[in-house]
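Peer 1: Sending over a structure as structure tokens; questions will come in a sec.
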Amino acid sequence: MITAERKPMEELIECLRPYHRILLVGCNECVTVCSAGGRKEVGILSSALQMAFMKEGKTLDVKEITLERQCDPEYVEELVTHIDQAEAVMSMACGCGVQEIAGRFKSKPVFPALNTTFMGASERQGVWVERCQGCGECVLALTGGICPIARCAKQLLNGPCGGSTNGKCEVDPDIDCAWQLIWDRLKALGLEDRYEDNIAAKDWRTGRGGGPRKIIREDLVK
Amino acid sequence: MSFQKRLISGEFVVLAEMNTPKGVDISELVTNARRIKGRVDAVIVPDMDNGIMRMSALAGGVLMQQQGVEAIIHVYCRDRNRMALQGDILAAHVLGIQNLVVVHSEEMAKGDHQDSKPVNDLDEVELLGAIQSLQEGKDMAGFDLTGKPAFTVGCTIAPSGDDAALEKELSLARKKIEAGAQFVITPPVFDLDHFSSNMNSFKELGVPILSTVFLIKSVGIARYLANYEPGAHISDDLIKRIRKASDTEMECLRIAGETVAGLRNIVQGVHIITLGWEYRLPEILDYAGM
């Protein structure tokens, strides 16, 4: 999922200070799962904003809506009936959702309520960890199913750096050394020989090196 | 007189561009530098221009200085993060380089290492700010330096196809000047009349303006630029002149020389790009009467 965290209240209040009526839009997908921007969080932020405005002797009329997916134009279209009543929109989706709304309603100011963080997985209740950087050329088949691009601080493709100590990363002792994990996993699979294989310098064109990316599925394009 | 002094005193400056080799054979670079020693005020050394991996501009700049030719080196953000940029800029000062130009860097996709990962930790305005900060004795993290570097720092303006694009570029140039750029290099000039018509806008920038003179080497290049380079303003007459010339190469050198001479009364300097024909720079300067 795409994970995100809510921005500090002061920053959100500052964005909305010039307005009296806003649309606060949540998203039912990733940000609901990581408890950052779903229906529940929309309700909590709405109350917090209104209280903050009241403390300043002002009022803020907040219309709360949570879309099935903010990154999908079909669902964003549901805002059409509400957009005119609002002076601005605050989106509680990831950056994709914010941009989808801003692209659809060009004359309306749209503000992000979240800091989009990474593509990750739930490690345990309330803890999410980075697992993928969307590099466009997956190497997991070579590395025992553990990604050195997302999980190694230096994105090393051929073994650990000199800073790995007792299976931990030099960047932070709470971070597992990705190459220790890869070694352990290859060993468990009886594939230690793989560790000796040289992985060629990565072609970063498939990642951000080639600029903003696009997928076109000719069989689906209408 | 140094490039900086000529710039400050309002003297016309002539700069020539010379690329470093793709390899370690520096004989051609050094020979070309010797050919124009005393005839240009400084040599601009690009750093992996057009995304082509070459010897670094820092090494090229030092080689120029060793030949007694003042160097101006390119710095840009595609290949180095803020640590490497600052380190190389300090090194440049220590090695005798006194001039920098902060330039736009070509996309990796257009270079010869297309699978490489671009850095782009900073942008041009931020890099100019970092150079300014280093000159004030602080690095980008705010730590004090032991000894401050000093440079004459320039920036560039990208080509623009129409007035709106030009205004956007001028607005960006104003930001660059505010961040520390002391001179501006314009895109190639092929049409002196058209360039002159925009000169008031350039003058309003309030810093010396140097214009690029790009040596057109063939009719094909002239046609390509006319068709694909926004705002190149290459006229049919110019293309016809090259096409009809009995000696095309000579005619191209003459055109470049005439452009240099024509710019003398319009801007404060020229930056001559010859892309592989550096050995013919003396002839361009002859045609320019310099």
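Residue numbering restarts at 1 in every chain; chains get A, B, ... in the order shown in the structure tokens, and ligands count up from 1 in that same order.
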Residues of chain B within 8 Å of chain A, counting only C-alpha atoms - could you list those as a list in words?

Peer 2: Met108, Ala109, Gln114, Asp115, Ser116, Lys117 and Pro118 of chain B

Peer 1: Residues as selected, C-alpha atoms, written as a compact mmCIF listing (two decimals), in the first residue's frame, can you do that?

Peer 2:
```
# COMPACT_ATOMS: atom_id res chain seq x y z
CA MET B 108 20.28 11.29 -18.88
CA ALA B 109 17.95 10.03 -21.59
CA GLN B 114 21.10 6.48 -20.37
CA ASP B 115 20.76 3.83 -17.67
CA SER B 116 22.43 6.09 -15.09
CA LYS B 117 20.62 7.49 -12.08
CA PRO B 118 20.42 11.30 -12.08
```

Peer 1: From a DSSP calculation on the backbone, collect every residue of segment 247-280 of chain B in helix (DSSP H, G or I) and output the set as JSON, numbers by chain.

Peer 2: {"B": [248, 249, 250, 251, 252, 253, 254, 255, 256, 257, 258, 259, 260, 261, 262, 263, 278, 279, 280]}

Peer 1: Which residues are close to segment 7-10 of chain A, i.e. within 7 Å by only C-alpha atoms, leaving aside same-chain residues fewer than 3 positions away? Reply as a list in words.

Peer 2: Ile13, Glu14, Ala113, Leu114 and Asn115 of chain A

Peer 1: Here is a test: counting only C-alpha atoms, which residue of B:Phe195, B:Tyr287, B:Phe3, B:Trp277 is nearest to Val153 of chain B?

Peer 2: B:Phe3

Peer 1: Using atom CA of Val270 of chain B and atom CA of Leu210 of chain B as the two end points, give the distance in Å to one decimal.

Peer 2: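 Distance between the two atoms: 5.1 Å.
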
Peer 1: Could you check which of B:Leu85, B:Leu134, B:Ala158, B:Ile73 is closest to Glu229 of chain B, using only C-alpha atoms?

Peer 2: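 Among the listed residues, B:Ala158 lies closest to Glu229 of chain B.
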
Peer 1: Write out as a ChimeraX atom specification each polymer residue whose atoms come within 8 Å of Ile242 of chain B, counting only C-alpha atoms; drop sequence neighbours fewer than 4 positions from it.

Peer 2: /B:218-219,238,248,251-252

Peer 1: Create the file for the chosen residues now, containing N, CA and C atoms and written as a compact mmCIF listing (two decimals), in the first residue's frame.

Peer 2:
```
# COMPACT_ATOMS: atom_id res chain seq x y z
N SER B 218 27.42 23.16 -41.18
CA SER B 218 26.94 22.67 -42.48
C SER B 218 25.51 23.15 -42.72
N VAL B 219 25.04 22.96 -43.94
CA VAL B 219 23.65 23.32 -44.27
C VAL B 219 22.70 22.45 -43.44
N LEU B 238 20.24 32.86 -44.71
CA LEU B 238 21.46 32.31 -44.09
C LEU B 238 21.72 30.89 -44.61
N THR B 248 32.10 25.73 -48.15
CA THR B 248 31.10 25.78 -47.07
C THR B 248 31.72 26.02 -45.71
N GLU B 251 32.78 29.53 -45.25
CA GLU B 251 31.62 30.42 -45.14
C GLU B 251 31.04 30.34 -43.72
N CYS B 252 31.00 29.13 -43.18
CA CYS B 252 30.47 28.95 -41.82
C CYS B 252 31.34 29.68 -40.80
```

Peer 1: Neighbouring residues of Thr259 of chain B were defined as those with any atom within 9 Å, considering only C-alpha atoms; residues of the same chain fewer than 3 positions away were excluded. Please report them as a PyMOL selection string.

Peer 2: chain B and resi 189-192+213+254-256+262-264+288

Peer 1: What is the atom CA of Glu70 of chain B-atom CA of Val40 of chain B distance in Å, reported with one decimal?

Peer 2: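 About the pair atom CA of Glu70 of chain B and atom CA of Val40 of chain B: they are 9.0 Å apart.
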
Peer 1: For a quick check of understanding, using only C-alpha atoms, which of A:Trp128, A:Trp179, A:Phe53, A:Tyr75 has the smallest distance to Ile2 of chain A?

Peer 2: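 So, comparing all the options, the nearest one is A:Trp128.
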
Peer 1: When you look at Ser46 of chain A with a cut-off of 10 Å (counting only C-alpha atoms), what residues show up, excluding the ones that are within fewer than 6 positions of it in the same chain? I need them as number ranges by chain.

Peer 2: A: 22-24, 40, 52, 60-64
